[in-house]
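Asker: Sharing a structure below in structure tokens format, with a few things to ask.
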Amino acid sequence: MLSGLALHRHFKESLAGDVMAITQPLQLLAPLSGVLLPLEQVPDPVFSSRVIGDGLCIDPTSQTLCAPLSGVVSNLQHSGHAVSITGEQGQQVLLHIGLDTVNLAGKGFTCLIEEGQQVTAGQPLIEFDADYLALHARSLLTLMLVVSGEAVTGLVGDSVLVETGQPVLRLDPGAAAAHTPEVAGPALFSEPLILGNPQGLHARPAALLAQAAKGFAANICLHRREDSANAKSLVSIMALQTVQGDALQVSAVGADAEQAIQALVALLASGCGETISAAASPEPRVVLDDALDPLWRGVCASPGSAFGQVLQVAEQRLQIREAATSPQQERESLERALAQAREALQLLRDSASGDAQQEIFRAHQELLDDPSLLEQADALIATGKSAAFAWNSAIEVTAELFKGLGSSLLAERAVDLADVGQRVLKLLLGVQEQALNLPDQAILIAEQLTPSQTASLDTTKVLGFVTVGGGATSHVAILARALGLPAICGLSPRVLSLANGTRVLLDADRGELHTDPDPQRVQQLQALRQQQRQRQQQDLAQAAHPAVTRDGHHLEVTANIASLAEAEQAMSLGGEGVGLLRSEFLYQDRSQAPSPEEQAETYRAIARALGPTRNLVVRTLDVGGDKPLAYVPMDREANPFLGLRGIRLCLERPELLREQLRAMLASAGEARLHIMLPMVSQLAELRQARQLLDEEVQALGLAQRPKLGIMIEVPSAALMADRFAPEVDFFSIGTNDLTQYTLAMDRDHPRLAGQADSFHPSVLRLIARTVQAAHAHGKWVGVCGALASEPLAVPLLLGLGVDELSVSVPLIPAIKARVRELDLSECQALAARIIDLEDAVQVRECLQQQQVAADSLVLEN
Amino acid sequence: MFEKLQRAFWKALTPDLIPDQPKAPTASASRLNAAMLQALGGSANIKSQQPLALTRLRLELHDPQLLDASALRVAGVPAVMPLAGGVVHLLLGLQG
């Protein structure tokens with residue numbers, strides 16, 4: 001090992017001559033103790049491919065990263081997870097703690113050194129909390145990579161364990177990449193582009209950019225404002241400490257400068273291997289001349305219809321001063337504003353009209369408590385920015401980050417973030433909340449309606465909502481459904497130019513807004529609403545009557561429930577049993593997992609509420625990667641809807657399933673217990689679960705085993721229903737997932753939601769096939785998806801031969817009443833016709849005509 | 001942060017799906033053989049275990065004194081990292 005002094009002398013000598021000429025091997029010391037892992041096995045292609053450089057990987061058992069060589073700290077990432085040391089001969093070594101640790105934004109790391117500081121080999125650089133990292137990051141695997149291009153030789157031999165400070169690599173000088181020759185000529189500059197990478201150009205994207213730049217002879221620089229970096233140097237790019245939203249330019253000098261700029265700009269725009277937010281390259285909005293078109297189309301977010309007048313709701317624009325004089329004062333006023341915002345949210349929570357709103361404001365409070373927002377703002381305040389500017393930037397950057405994560409749910413959460421941000425900002429700027437001045441019969445139109453805007457609404461004056469953004473999980477949708485008001489989402493932004501006071505007809509059932517409604521149509525709809533109200537009262541009065549068609553066929557109408565209270569309510573509304581008990585409810589609102597005894601007691605209580613003559617269908621735990629769950633740790637999946645969900649997850653963790661089965665079995669005898677497996681796609685899954693169940697039944701010494709059935713929600717299960725049928729006691733069709741998987745469309749997708757329609761003939765054919773297969777083996781078929789709760793679908797499902805409809809509790813009376821109006825043989829003829837139609841639109845039209853005919857029939861009677 | 005948020009909102013939207021507190025998994029004992037269990041002070045000494053960070057098994061022990069690091073190595077655990085509060089990471093390498 002070379003001493004610091006020897007290196008120092010060496011350095012001086014090398015300065016005298018050509019850097020490359022004087023050579024002496026340099027040893028790198030292990031920066032950590034731990035287990036060595038071959039670089040090619042590192043589960044991150046940028047590291048394993050050696051694009052950044054050769055080196056080694058250590059799975060650490062120590063928590064202090066030490067300098068592998070003496071030199072200068074040439075770059076220290078703000079987030080503390082990566083540091084580069086430049087040795088006295090120009091060797092550059094990158095140390096990168098953990099994988100994807102950039103996302104921790106500095107949490108868990110304590111830097112002991114500063115950028116530009118001289119360090120000696122073995123000196124502690126960064127301390128980290130190994131347990132925090134293990135719990136919050138992808139991995140602790142730590143990389144030491146030589147980025148200046150020298151070849152390396154391992155010194156450790158076969159041993160897999162290393163100790164901090166032990167020599168582990170030798171750098172072979174001379175093999176370093178040749179220095180870029182000086183190139184003369186005019187520099188070409190690219191147009192500025194906005195960086196879309198959520199974490200800026202950290203190691204991974206920076207490595208790909210540098211690699212691409214090295215492919216050109218030209219000298220290439222990356223510029224951000226007055227700073228610039230050699231684009232061929234990973235460390236230099238990282239040292240720019242870019243963040244999302246930075247305006248960057250690429251410049252190049254040399255023969256291939258133009259090609260280089262083109263290639264690098266394209267690479268940057270594509271995200272350098274990362275998914276970047278769409279905001280970086282705004283989609284040009286297609287402007288169609290639909291100003292004269294009195295009909296606007298969107299997606300139904302909450303059913304119903306209303307006739308009223310337009311009120312446009314826009315967010316206030318706030319003036320923000322950028323600079324401030326005293327960081328201390330700014331920090332204090334931010335703290336004050338945050339405290340006030342918390343109080344205001346608590347007030348909103350306490351006075352919220354429904355659970356959904358309460359939960360939303362609780363989530364907003366959690367957002368305010370999140371330290372990373374405050375940290376980001378604090379960092380900006382420290383550089384002399386005002387509290388308002390700093391807070392606004394933190395919110396904007398984080399909101400962009402949400403939008404870029406590729407999840408529609410999280411993208412909608414960006415709205416929440418903006419809402420919380422605006423609340424704090426107004427407090428900081430002393431801007432008074434403007435109460436909306438609502439006219440009577442208002443139909444609110446907005447880009448997005450935030451929870452804060454809707455919380456203070458006088459709901460007696462609002463008749464409906466129309467928004468440009470949003471989907472099935474947006475606040476407007478939740479709120480509107482809770483209030484029973486019609487709402488549509490996803491309209492053209494041009495709807496925002498409709499004048500206040502314009503009379504409009506909102507027909508949410510059809511997803512339409514009419515600006516120049518036909519007075520007759522308005523009257524029709526109003527009469528229809530009146531009629532609907534009357535019907536509801538009538539249905540309720542007759543809820544206890546069985547659901548028997550006019551020609552004497554009985555259809556069982558049961559309830560979808562998730563609590564004992566709902567079970568009781570379902571019985572009082574005429575439910576003939578429970579067709580779907582979502583067992584996930586047991587984990588709701590608890591600080592601890594329920595004990596097996598507690599689970600059993602809950603199932604028993606629900607079973608008792610039903611009584612021994614009614615069916616209780618309990619579905620085993622249906623969670624998975626698409627529903628992020630902390631209590632069943634699982635790997636992040638690229639495609640969670642196609643990953644470990646439902647029964648797949650339960651069979652991976654059979655103990656979880658066994659525990660559930662035991663708890664369910666405790667209620668056998670109290671009601672007619674049926675156990676249902678979700679997401680079954682293969683016979684083997686059914687057989688495996690059947691075996692587990694049989695073992696538990698035997699262990700408990702039960703005389704009779706409960707009925708076992710599967711959900712039909714994957715096309716493979718529907719297509720193989722004839723093979724499943726002999727081995728199950730029943731099927732229950734989950735139309736929501738079956739539709740998504742059959743049409744390959746996400747029901748929450750803002751643009752596809754309207755087409756992901758369970759009325760599509762392909763879905764109906766799968767239902768028909770399932771029913772045929774089940775009946776051939778004497779088994780019954782239920783439908784427990786949303787389709788069963790649609791009055792429009794009742795004649796169709798009846799005609800297809802479905803034996804049971806499990807519906808949401810409040811709809812039990814209406815569905816039962818609908819069955820009583822129908823004639824089975826007519827429904828069968830209707831279903832036979834419908835199954836040959838081309839698309840969901842045709843199916844709905846056909847059913848609507850049928851319904852109109854039926855309605856007039858009822859009126860005549 | 002995002003996961004926390006996502007959970008918070010799933011809770012708001014579909015409250016039946018998300019529990020407040022993580023539940024210790026009970027079913028993933030597969031990576032510990034009998035010799036390892038013994039070196040950890042027996043299965044009764046294990047309060048919780050959680051595979052994480054690709055290469056690690058995180059254990060919480062009732063009594064960390066009962067841990068025998070050298071016996072663990074003999075039993076095939078490449079490295080052991082004892083931490084504060086009875087927490088121990090077993091470094092088991094990447095899973096196949």
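Ordered as shown in the structure tokens, chains take letters A, B, and onward, while each chain numbers its residues from 1 and ligands are numbered from 1 in the order shown.
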When you look at segment 368-377 of chain A with a cut-off of 6 Å (counting only C-alpha atoms), what residues show up, excluding the ones that are within fewer than 5 positions of it in the same chain? I need them as a list in words.

Answerer: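 Surrounding residues, per the criterion: Ala390, Trp391 and Ala394 of chain A.
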
Asker: Taking the chain letters and numbering used in this document, name the residues of segment 418-561 of chain A that DSSP puts in alpha helix (DSSP H), as a PyMOL selection string.

Answerer: chain A and resi 418-429+451-455+475-483+519-541

Asker: Please produce a file of the residues just selected, as a compact mmCIF listing (two decimals), in the first residue's frame, where the atoms kept are C-alpha atoms.

Answerer:
```txt
# COMPACT_ATOMS: atom_id res chain seq x y z
CA ALA A 418 -51.23 20.92 -5.21
CA ASP A 419 -54.27 21.45 -3.01
CA VAL A 420 -52.30 21.15 0.22
CA GLY A 421 -49.59 23.33 -1.31
CA GLN A 422 -52.07 26.04 -2.23
CA ARG A 423 -53.56 26.00 1.26
CA VAL A 424 -50.17 26.62 2.87
CA LEU A 425 -49.23 29.16 0.23
CA LYS A 426 -52.35 31.24 0.85
CA LEU A 427 -51.57 31.23 4.56
CA LEU A 428 -48.00 32.32 3.83
CA LEU A 429 -49.13 35.14 1.58
CA PRO A 451 -61.00 18.66 -1.95
CA SER A 452 -60.59 22.09 -0.40
CA GLN A 453 -62.84 23.62 -3.02
CA THR A 454 -65.52 21.02 -2.60
CA ALA A 455 -65.39 20.87 1.20
CA HIS A 475 -62.23 13.33 -5.57
CA VAL A 476 -65.04 14.65 -7.65
CA ALA A 477 -66.11 11.09 -8.37
CA ILE A 478 -65.92 10.08 -4.71
CA LEU A 479 -67.64 13.20 -3.48
CA ALA A 480 -70.35 13.13 -6.13
CA ARG A 481 -71.17 9.50 -5.42
CA ALA A 482 -71.28 10.23 -1.69
CA LEU A 483 -73.67 13.14 -2.27
CA PRO A 519 -86.58 21.66 -23.55
CA GLN A 520 -88.50 18.49 -24.17
CA ARG A 521 -85.49 16.38 -23.24
CA VAL A 522 -85.08 18.44 -20.05
CA GLN A 523 -88.67 17.82 -19.13
CA GLN A 524 -88.30 14.15 -19.94
CA LEU A 525 -85.31 13.81 -17.67
CA GLN A 526 -86.95 15.71 -14.86
CA ALA A 527 -90.04 13.51 -15.14
CA LEU A 528 -87.74 10.51 -15.16
CA ARG A 529 -86.07 11.61 -11.94
CA GLN A 530 -89.43 12.07 -10.30
CA GLN A 531 -90.43 8.61 -11.46
CA GLN A 532 -87.17 7.15 -10.21
CA ARG A 533 -87.78 8.54 -6.75
CA GLN A 534 -91.23 7.03 -6.68
CA ARG A 535 -89.86 3.72 -7.82
CA GLN A 536 -87.23 3.72 -5.12
CA GLN A 537 -89.88 4.12 -2.46
CA GLN A 538 -91.98 1.41 -4.00
CA ASP A 539 -89.03 -0.98 -4.33
CA LEU A 540 -88.08 -0.40 -0.73
CA ALA A 541 -91.60 -1.18 0.43
```

Asker: Give me the residues near Gly42 of chain B as an mmCIF file with N, CA and C atoms, in the first residue's frame, where near means some atom within 12 Å (using only C-alpha atoms) and where sequence neighbours in that chain fewer than 5 positions away do not count.

Answerer:
```cif
data_model
loop_
_atom_site.group_PDB
_atom_site.id
_atom_site.type_symbol
_atom_site.label_atom_id
_atom_site.label_comp_id
_atom_site.auth_asym_id
_atom_site.auth_seq_id
_atom_site.Cartn_x
_atom_site.Cartn_y
_atom_site.Cartn_z
ATOM 1 N N LEU B 32 -34.448 -20.249 6.605
ATOM 2 C CA LEU B 32 -33.712 -20.625 7.810
ATOM 3 C C LEU B 32 -33.797 -22.131 8.010
ATOM 4 N N ASN B 33 -32.651 -22.794 8.054
ATOM 5 C CA ASN B 33 -32.696 -24.225 8.343
ATOM 6 C C ASN B 33 -32.552 -24.451 9.848
ATOM 7 N N ALA B 34 -32.590 -25.694 10.248
ATOM 8 C CA ALA B 34 -32.607 -26.015 11.678
ATOM 9 C C ALA B 34 -31.355 -25.504 12.392
ATOM 10 N N ALA B 35 -30.192 -25.682 11.723
ATOM 11 C CA ALA B 35 -28.935 -25.252 12.353
ATOM 12 C C ALA B 35 -28.932 -23.739 12.552
ATOM 13 N N MET B 36 -29.458 -23.020 11.561
ATOM 14 C CA MET B 36 -29.522 -21.553 11.671
ATOM 15 C C MET B 36 -30.437 -21.152 12.819
ATOM 16 N N LEU B 37 -31.592 -21.810 12.897
ATOM 17 C CA LEU B 37 -32.535 -21.492 13.965
ATOM 18 C C LEU B 37 -31.887 -21.678 15.330
ATOM 19 N N LYS B 47 -38.630 -12.780 17.223
ATOM 20 C CA LYS B 47 -39.845 -11.994 17.376
ATOM 21 C C LYS B 47 -40.493 -11.773 16.020
ATOM 22 N N LEU B 61 -34.883 -10.166 17.479
ATOM 23 C CA LEU B 61 -34.720 -11.234 18.462
ATOM 24 C C LEU B 61 -35.183 -10.735 19.828
ATOM 25 N N HIS B 62 -35.775 -11.637 20.569
ATOM 26 C CA HIS B 62 -36.138 -11.283 21.945
ATOM 27 C C HIS B 62 -34.866 -11.048 22.762
ATOM 28 N N ASP B 63 -33.917 -11.960 22.627
ATOM 29 C CA ASP B 63 -32.669 -11.846 23.368
ATOM 30 C C ASP B 63 -31.496 -11.963 22.397
ATOM 31 N N PRO B 64 -30.917 -10.826 21.997
ATOM 32 C CA PRO B 64 -29.820 -10.885 21.017
ATOM 33 C C PRO B 64 -28.575 -11.600 21.564
ATOM 34 N N LEU B 66 -28.442 -14.456 22.721
ATOM 35 C CA LEU B 66 -28.474 -15.883 22.380
ATOM 36 C C LEU B 66 -27.917 -16.165 20.989
ATOM 37 N N LEU B 67 -27.662 -15.082 20.229
ATOM 38 C CA LEU B 67 -27.183 -15.272 18.862
ATOM 39 C C LEU B 67 -25.734 -15.754 18.865
ATOM 40 N N ASP B 68 -25.450 -16.796 18.106
ATOM 41 C CA ASP B 68 -24.102 -17.336 18.010
ATOM 42 C C ASP B 68 -23.629 -17.136 16.572
#
```

Asker: In Å, how far is it from atom CA of Tyr741 of chain A to atom CA of Arg765 of chain A?

Answerer: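 Spanning atom CA of Tyr741 of chain A to atom CA of Arg765 of chain A is a straight-line distance of 14.0 Å.
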
Asker: Show which residues sit within 10 Å of Leu76 of chain A, as a list in words. Count only C-alpha atoms, and ignore same-chain residues fewer than 2 positions away.

Answerer: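 Result of the neighbour search: Val73, Ser74, His78, Ser79, Gly80, His81, Ala82, Val83, Ser84, Ile85, Leu94, Leu95, Cys111, Ile113, Glu114, Glu115, Gly116, Leu125, Ile126, Val235, Met238, Ala239 and Gln241 of chain A.
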
Asker: I want to know what sits within 8 Å of Ala829 of chain A, based on only C-alpha atoms, with residues of the same chain fewer than 4 positions away left out; could you give that as a short mmCIF file (atom, residue, chain, number, x, y, z; two decimals) with N, CA and C atoms, in the first residue's frame?

Answerer:
```cif
data_model
loop_
_atom_site.label_atom_id
_atom_site.label_comp_id
_atom_site.auth_asym_id
_atom_site.auth_seq_id
_atom_site.Cartn_x
_atom_site.Cartn_y
_atom_site.Cartn_z
N GLY A 799 -81.11 -13.75 -18.54
CA GLY A 799 -81.22 -14.49 -19.79
C GLY A 799 -80.02 -15.38 -20.06
N SER A 825 -88.25 -16.28 -20.20
CA SER A 825 -88.12 -16.73 -21.59
C SER A 825 -87.81 -15.53 -22.50
N ARG A 833 -79.87 -12.72 -28.59
CA ARG A 833 -79.68 -11.67 -29.61
C ARG A 833 -78.43 -10.85 -29.29
#
```

Asker: Distance atom CA of Gln542 of chain A-atom CA of Gly575 of chain A, one decimal place?

Answerer: 12.0 Å

Asker: Could you please determine the separation between atom CA of Ala306 of chain A and atom CA of Pro493 of chain A in Å, to one decimal place?

Answerer: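 Calculated distance between atom CA of Ala306 of chain A and atom CA of Pro493 of chain A is 21.0 Å.
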
Asker: As JSON, numbers by chain, please: all residues of segment 389-626 of chain A that backbone DSSP puts in strand (DSSP E or B).

Answerer: {"A": [442, 443, 444, 445, 446, 462, 463, 464, 465, 466, 467, 487, 488, 489, 503, 504, 505, 506, 507, 512, 513, 514, 548, 554, 556, 557, 558, 559, 560, 561, 577, 578, 579, 580, 581, 582, 615, 616, 617, 618, 619, 624]}

Asker: How about saving the chosen residues, C-alpha atoms kept, as a CSV table (one decimal), in the first residue's frame?

Answerer:
```csv
chain,number,residue,atom,x,y,z
A,442,ALA,CA,-75.3,25.3,-10.1
A,443,ILE,CA,-73.4,22.8,-12.3
A,444,LEU,CA,-69.7,23.3,-11.4
A,445,ILE,CA,-67.2,23.1,-14.2
A,446,ALA,CA,-63.4,23.0,-13.5
A,462,VAL,CA,-75.1,22.2,-6.4
A,463,LEU,CA,-76.7,19.9,-8.9
A,464,GLY,CA,-73.7,18.3,-10.5
A,465,PHE,CA,-70.0,18.4,-11.4
A,466,VAL,CA,-68.1,18.5,-14.7
A,467,THR,CA,-64.3,18.3,-14.9
A,487,ALA,CA,-70.7,14.0,-12.4
A,488,ILE,CA,-68.7,13.5,-15.5
A,489,CYS,CA,-64.9,13.6,-16.0
A,503,ARG,CA,-78.1,26.6,-19.1
A,504,VAL,CA,-76.8,23.1,-19.4
A,505,LEU,CA,-78.2,19.6,-19.2
A,506,LEU,CA,-75.9,17.1,-17.5
A,507,ASP,CA,-76.7,13.6,-18.4
A,512,GLU,CA,-72.9,13.9,-21.8
A,513,LEU,CA,-73.2,17.6,-21.2
A,514,HIS,CA,-75.7,19.5,-23.5
A,548,VAL,CA,-89.2,-14.1,-8.9
A,554,HIS,CA,-86.4,-17.4,-8.8
A,556,GLU,CA,-81.2,-15.2,-5.8
A,557,VAL,CA,-80.3,-11.6,-4.9
A,558,THR,CA,-77.5,-11.4,-2.3
A,559,ALA,CA,-75.2,-8.7,-1.0
A,560,ASN,CA,-71.6,-7.6,-1.4
A,561,ILE,CA,-70.4,-6.7,2.1
A,577,GLY,CA,-77.6,-14.0,1.7
A,578,VAL,CA,-74.1,-12.7,1.2
A,579,GLY,CA,-72.6,-13.4,-2.2
A,580,LEU,CA,-69.3,-11.7,-1.5
A,581,LEU,CA,-67.7,-11.0,1.9
A,582,ARG,CA,-64.4,-9.2,1.3
A,615,ASN,CA,-75.5,-18.6,2.0
A,616,LEU,CA,-72.4,-16.8,3.2
A,617,VAL,CA,-69.7,-16.6,0.5
A,618,VAL,CA,-66.4,-15.5,2.0
A,619,ARG,CA,-63.6,-14.6,-0.4
A,624,GLY,CA,-51.5,-8.0,-4.6
```

Asker: Can you list, as an MDAnalysis selection string, every protein, DNA or RNA residue that comes within 10 Å of segment 343-347 of chain A when you count only C-alpha atoms, leaving out same-chain residues fewer than 4 positions away?

Answerer: chainID A and resid 337:339 351:352 358 360:365 420 423 452

Asker: Please produce a file of those selected residues containing N, CA and C atoms, as a CSV table (one decimal), in the first residue's frame.

Answerer:
```csv
chain,number,residue,atom,x,y,z
A,337,ALA,N,-47.3,28.8,9.0
A,337,ALA,CA,-48.3,28.5,8.0
A,337,ALA,C,-48.6,27.0,8.0
A,338,LEU,N,-47.6,26.2,8.2
A,338,LEU,CA,-47.9,24.7,8.3
A,338,LEU,C,-48.8,24.4,9.5
A,339,ALA,N,-48.5,25.0,10.6
A,339,ALA,CA,-49.3,24.7,11.8
A,339,ALA,C,-50.7,25.1,11.6
A,351,SER,N,-65.6,18.6,10.6
A,351,SER,CA,-66.9,19.0,10.1
A,351,SER,C,-67.3,18.3,8.7
A,352,ALA,N,-66.4,17.4,8.3
A,352,ALA,CA,-66.7,16.8,7.0
A,352,ALA,C,-68.0,16.0,7.0
A,358,GLN,N,-63.5,12.9,5.1
A,358,GLN,CA,-62.6,12.8,6.3
A,358,GLN,C,-61.3,12.2,6.0
A,360,ILE,N,-59.9,11.9,3.2
A,360,ILE,CA,-59.1,12.7,2.3
A,360,ILE,C,-58.3,13.8,3.0
A,361,PHE,N,-59.0,14.4,4.0
A,361,PHE,CA,-58.3,15.5,4.7
A,361,PHE,C,-57.3,14.9,5.7
A,362,ARG,N,-57.6,13.7,6.1
A,362,ARG,CA,-56.6,13.0,7.0
A,362,ARG,C,-55.3,12.8,6.1
A,363,ALA,N,-55.5,12.3,4.9
A,363,ALA,CA,-54.4,12.1,4.0
A,363,ALA,C,-53.6,13.4,3.8
A,364,HIS,N,-54.4,14.5,3.6
A,364,HIS,CA,-53.7,15.8,3.5
A,364,HIS,C,-52.9,16.2,4.7
A,365,GLN,N,-53.4,15.9,5.8
A,365,GLN,CA,-52.6,16.2,7.0
A,365,GLN,C,-51.3,15.3,7.0
A,420,VAL,N,-52.9,20.9,-1.1
A,420,VAL,CA,-52.3,21.2,0.2
A,420,VAL,C,-51.3,22.3,0.1
A,423,ARG,N,-53.0,25.6,-0.1
A,423,ARG,CA,-53.6,26.0,1.3
A,423,ARG,C,-52.5,26.7,2.1
A,452,SER,N,-60.3,20.9,-1.1
A,452,SER,CA,-60.6,22.1,-0.4
A,452,SER,C,-61.7,22.9,-1.0
```

Asker: Return the single residue from A:Met745, A:Ile261, A:Ala137, A:Leu56 that is closest to chain B, with distances computed using only C-alpha atoms.

Answerer: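 For chain B, the nearest of the given residues is A:Ala137.
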
Asker: Excluding same-chain residues fewer than 6 positions from Arg31 of chain B, what lies within 12 Å of it counting only C-alpha atoms, as a list in words?

Answerer: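 Listed by chain and then number, they are Leu37, Gln49, Gln50, Pro51, Thr55, Arg56, Leu57, Arg58, Ala75, Gly76, Val77, Leu90, Leu91, Leu92, Gly93, Leu94 and Gln95 of chain B.
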